[in-house]
Amino acid sequence: MLSACSSQTQGQAARFGLVDGASDRAAHMESMWTGAWIAALIVGVFVWGLIIFAVVRFRRRSGDPEIPRQSRYHLPLEVLYTMVPFLIIGVLFFYTVRTQSSVLAKDTKPQHTINVVGQKWSWTFNYMEADNPAAGSVVTREAGTIEKIPDLYLPVNESVRFHLNSADVIHSFWVPAFYFKMDVIPGHPNQFDLTPTRVGVYDGKCAEFCGTYHANMLFKVHVVPVSEYNAHLQKLKAAGQTGEVKAPASVTTLAGSSPSQEGSEGK
């Protein structure tokens with residue numbers, strides 16, 4: 001009980017369980033999440049109130065008949081409980097579409113591009129900085145393995161475009177502090193933009209069960225000043241970690257398919 005009184009826990013409780021946001025898309029998602037919880041609580045309190053009222057008001061008393069008086073039709077009530085759910089769905093749909101449009105909005109000219117490859121069972125991050133002299137004017141990369149969790153460096157307050165590709169099966173790129181995740185689908189590249197807004201180290205993971213070592217698909221996100229971001233890419237360049245690692249142009253079969261299946265699907 002005492003540990004629940006910390007300022008961090010209280011702040012998270014006020015956000016209905018969300019961690020503190022660290023991207024420009026977080027505000028849109030937090031507003032939608034909080035609004036949905038408030039709407040659910042209002043509906044819940046109303047329904048609980050009706051149940052309690054019915055239990056108290058219409059409880060059986062001594063002298064009451066075995067079966068209460070029945071009402072066959074009550075048109076106003078029937079219209080009410082038919083229209084209210086449609087109203088609730090309509091409002092939630094409106095705010096969902098509005099939030100989706102804001103979260104998936106693209107910058108006309110993002111300042112950085114990172115090509116992400118998901119593979120069984122880790123991640124590869126390609127920093128597409130060939131036109132950035134401060135970062136070494138070269139494409140650098142960092143690849144993780146089952147034994148080594150990779151690090152993803154991002155510059156604070158600068159827009160980044162992520163290109164997502166899979167080398168094998170469906171993965172999902174998720175950074176909880178960004179309030180955002182997107183599927184990484186073989187043969188179907190995805191992309192999104194966001195701007196990190198708070199310096200710190202955050203957890204990243206795969207949010208799609210992708211096989212035996214799915215739990216190992218972790219990575220660390222380092223949101224740092226731009227100078228530190230460029231210095232890290234210079235370090236990767238000095239270590240010889242240059243050139244882009246690409247996923248196959250198309251993946252026609254999942255791992256473990258028989259040769260005959262692969263040939264027929266390829267055709």
# chains A, B, ... in the order shown; residues from 1 in each chain; ligands from 1

$ residues_around --residues "Pro155 in chain A" --least-positions-apart "4" --cutoff "6 Å" --atoms "only C-alpha atoms" --output "list of chain:residue names"
A:Val223, A:Val224, A:Pro225, A:Val226, A:Tyr229

$ closest_atom_pairs --of "range 68-128 of chain A" --to "range 20-44 of chain A" --cutoff "10 Å" --atoms "only C-alpha atoms" --output "tab-separated table"
residue	atom	partner	partner_atom	distance
A:Ile88	CA	A:Ala39	CA	8.5
A:Val91	CA	A:Ala39	CA	9.9
A:Leu92	CA	A:Ala36	CA	7.4
A:Tyr95	CA	A:Met32	CA	7.0
A:Thr96	CA	A:Met32	CA	7.1
A:Arg98	CA	A:His28	CA	9.0
A:Thr99	CA	A:His28	CA	5.9
A:Gln100	CA	A:His28	CA	8.6
A:Ser101	CA	A:His28	CA	9.8
A:Ser102	CA	A:His28	CA	7.0
A:Val103	CA	A:Arg25	CA	5.4
A:Leu104	CA	A:Arg25	CA	8.6
A:Ala105	CA	A:Arg25	CA	9.4

$ write_last_selection --atoms "N, CA, C and O atoms" --output "short mmCIF file (atom, residue, chain, number, x, y, z; two decimals), in the first residue's frame"
data_model
loop_
_atom_site.label_atom_id
_atom_site.label_comp_id
_atom_site.auth_asym_id
_atom_site.auth_seq_id
_atom_site.Cartn_x
_atom_site.Cartn_y
_atom_site.Cartn_z
N ILE A 88 -23.31 5.55 -28.36
CA ILE A 88 -22.00 5.29 -27.75
C ILE A 88 -21.00 4.82 -28.80
O ILE A 88 -19.86 5.31 -28.87
N VAL A 91 -19.95 7.77 -31.12
CA VAL A 91 -19.00 8.70 -30.50
C VAL A 91 -17.61 8.08 -30.43
O VAL A 91 -16.61 8.72 -30.78
N LEU A 92 -17.52 6.83 -29.98
CA LEU A 92 -16.21 6.16 -29.90
C LEU A 92 -15.58 6.00 -31.28
O LEU A 92 -14.36 6.15 -31.44
N TYR A 95 -14.04 9.44 -32.38
CA TYR A 95 -12.78 9.77 -31.71
C TYR A 95 -11.68 8.78 -32.09
O TYR A 95 -10.50 9.16 -32.14
N THR A 96 -12.04 7.54 -32.37
CA THR A 96 -11.04 6.56 -32.80
C THR A 96 -10.45 6.95 -34.15
O THR A 96 -9.23 6.92 -34.35
N ARG A 98 -10.41 9.92 -35.52
CA ARG A 98 -9.65 11.16 -35.38
C ARG A 98 -8.28 10.90 -34.78
O ARG A 98 -7.27 11.44 -35.24
N THR A 99 -8.22 10.04 -33.75
CA THR A 99 -6.95 9.71 -33.13
C THR A 99 -6.05 8.95 -34.10
O THR A 99 -4.84 9.21 -34.19
N GLN A 100 -6.62 8.01 -34.84
CA GLN A 100 -5.84 7.23 -35.81
C GLN A 100 -5.22 8.14 -36.85
O GLN A 100 -4.05 7.97 -37.21
N SER A 101 -5.98 9.11 -37.34
CA SER A 101 -5.45 10.03 -38.35
C SER A 101 -4.29 10.85 -37.79
O SER A 101 -3.30 11.09 -38.49
N SER A 102 -4.41 11.27 -36.53
CA SER A 102 -3.34 12.07 -35.92
C SER A 102 -2.09 11.24 -35.68
O SER A 102 -0.96 11.69 -35.94
N VAL A 103 -2.27 10.00 -35.21
CA VAL A 103 -1.12 9.15 -34.89
C VAL A 103 -0.38 8.71 -36.15
O VAL A 103 0.85 8.62 -36.16
N LEU A 104 -1.12 8.44 -37.23
CA LEU A 104 -0.50 7.94 -38.45
C LEU A 104 -0.13 9.05 -39.44
O LEU A 104 0.29 8.75 -40.56
N ALA A 105 -0.28 10.30 -39.03
CA ALA A 105 0.07 11.41 -39.92
C ALA A 105 1.56 11.38 -40.26
O ALA A 105 2.40 11.05 -39.42
#

$ closest_residue --among "A:Gln241, A:Thr197, A:Asn115, A:Ser159" --to "Arg141 in chain A" --atoms "only C-alpha atoms"
A:Gln241

$ closest_residue --among "A:Thr242, A:Thr140, A:Thr195, A:Gln111" --to "Asn157 in chain A" --atoms "only C-alpha atoms"
A:Thr195

$ closest_residue --among "A:Arg61, A:His188, A:Lys237, A:Lys148" --to "Asn165 in chain A" --atoms "only C-alpha atoms"
A:His188

$ residues_around --residues "Asp183 in chain A" --least-positions-apart "6" --cutoff "10 Å" --atoms "only C-alpha atoms" --output "compact mmCIF listing (two decimals) with N, CA and C atoms, in the first residue's frame"
# COMPACT_ATOMS: atom_id res chain seq x y z
N GLY A 118 12.82 -6.93 -38.75
CA GLY A 118 12.54 -7.90 -37.72
C GLY A 118 12.87 -9.29 -38.22
N LEU A 164 9.47 -0.46 -41.77
CA LEU A 164 9.45 -1.76 -41.11
C LEU A 164 9.36 -2.88 -42.13
N ASN A 165 10.27 -3.84 -42.03
CA ASN A 165 10.26 -5.02 -42.90
C ASN A 165 10.57 -6.26 -42.07
N SER A 166 10.03 -7.40 -42.50
CA SER A 166 10.30 -8.66 -41.83
C SER A 166 11.08 -9.58 -42.75
N ILE A 170 5.56 -12.72 -39.13
CA ILE A 170 4.99 -11.46 -38.65
C ILE A 170 5.54 -11.13 -37.26
N HIS A 171 6.10 -9.94 -37.14
CA HIS A 171 6.53 -9.40 -35.85
C HIS A 171 5.71 -8.13 -35.59
N SER A 172 5.99 -7.46 -34.49
CA SER A 172 5.32 -6.19 -34.21
C SER A 172 6.27 -5.29 -33.43
N PHE A 173 6.53 -4.12 -33.98
CA PHE A 173 7.47 -3.16 -33.40
C PHE A 173 6.72 -2.31 -32.38
N TRP A 174 7.13 -2.40 -31.10
CA TRP A 174 6.38 -1.74 -30.04
C TRP A 174 7.32 -1.11 -29.02
N PRO A 189 5.84 -4.06 -46.53
CA PRO A 189 6.52 -3.03 -45.73
C PRO A 189 5.52 -2.05 -45.10
N ASN A 190 5.77 -1.66 -43.88
CA ASN A 190 4.99 -0.65 -43.19
C ASN A 190 5.90 0.52 -42.83
N GLN A 191 5.30 1.66 -42.54
CA GLN A 191 6.09 2.81 -42.13
C GLN A 191 5.26 3.74 -41.26
N CYS A 206 8.82 -7.02 -29.23
CA CYS A 206 7.91 -7.53 -30.26
C CYS A 206 6.58 -7.84 -29.58
N ALA A 207 5.49 -7.33 -30.16
CA ALA A 207 4.16 -7.52 -29.57
C ALA A 207 3.33 -8.55 -30.32
N GLU A 208 3.98 -9.34 -31.15
CA GLU A 208 3.29 -10.38 -31.93
C GLU A 208 3.99 -11.71 -31.67

$ select_by_dssp --residues "range 8-129 of chain A" --states "alpha helix (DSSP H)" --output "number ranges by chain"
A: 8-14, 26-57, 75-103

$ residues_around --residues "Ser137 in chain A" --least-positions-apart "2" --cutoff "12 Å" --atoms "only C-alpha atoms" --output "count of residues only"
17

$ atom_distance --atom1 "CA of His222 in chain A" --atom2 "CA of Phe162 in chain A"
15.3 Å

$ select_by_dssp --residues "range 80-263 of chain A" --states "strand (DSSP E or B)" --output "ChimeraX atom specification"
/A:112-119,122-127,140-143,151-155,160-166,171-175,180-185,188,190-194,196,200-206,218-224,242

$ atom_distance --atom1 "CA of Ala238 in chain A" --atom2 "CA of Gly144 in chain A"
18.1 Å

$ residues_around --residues "Trp123 in chain A" --least-positions-apart "6" --cutoff "7 Å" --atoms "only C-alpha atoms" --output "PyMOL selection string"
chain A and resi 117+143-144+150

$ write_last_selection --atoms "N, CA and C atoms" --output "PDB file, in the first residue's frame"
ATOM      1  N   VAL A 117      14.464  -4.011 -39.507  1.00  0.00           N
ATOM      2  CA  VAL A 117      14.213  -5.372 -39.981  1.00  0.00           C
ATOM      3  C   VAL A 117      13.968  -6.264 -38.767  1.00  0.00           C
ATOM      4  N   ALA A 143      22.785  -4.786 -35.375  1.00  0.00           N
ATOM      5  CA  ALA A 143      21.975  -5.998 -35.446  1.00  0.00           C
ATOM      6  C   ALA A 143      22.041  -6.733 -34.120  1.00  0.00           C
ATOM      7  N   GLY A 144      20.875  -7.167 -33.652  1.00  0.00           N
ATOM      8  CA  GLY A 144      20.819  -7.927 -32.424  1.00  0.00           C
ATOM      9  C   GLY A 144      20.780  -9.417 -32.690  1.00  0.00           C
ATOM     10  N   PRO A 150      19.784  -5.495 -29.022  1.00  0.00           N
ATOM     11  CA  PRO A 150      20.302  -4.328 -29.743  1.00  0.00           C
ATOM     12  C   PRO A 150      19.816  -3.021 -29.123  1.00  0.00           C
TER      13      PRO A 150
END

$ residues_around --residues "Leu218 in chain A" --least-positions-apart "2" --cutoff "8 Å" --atoms "only C-alpha atoms" --output "list in words"
Ser122, Trp123, Ile149, Pro150, Asp203, Gly204, Lys205, Cys206, Ala215, Asn216 and Lys220 of chain A

$ atom_distance --atom1 "CA of Val45 in chain A" --atom2 "CA of Arg15 in chain A"
19.5 Å
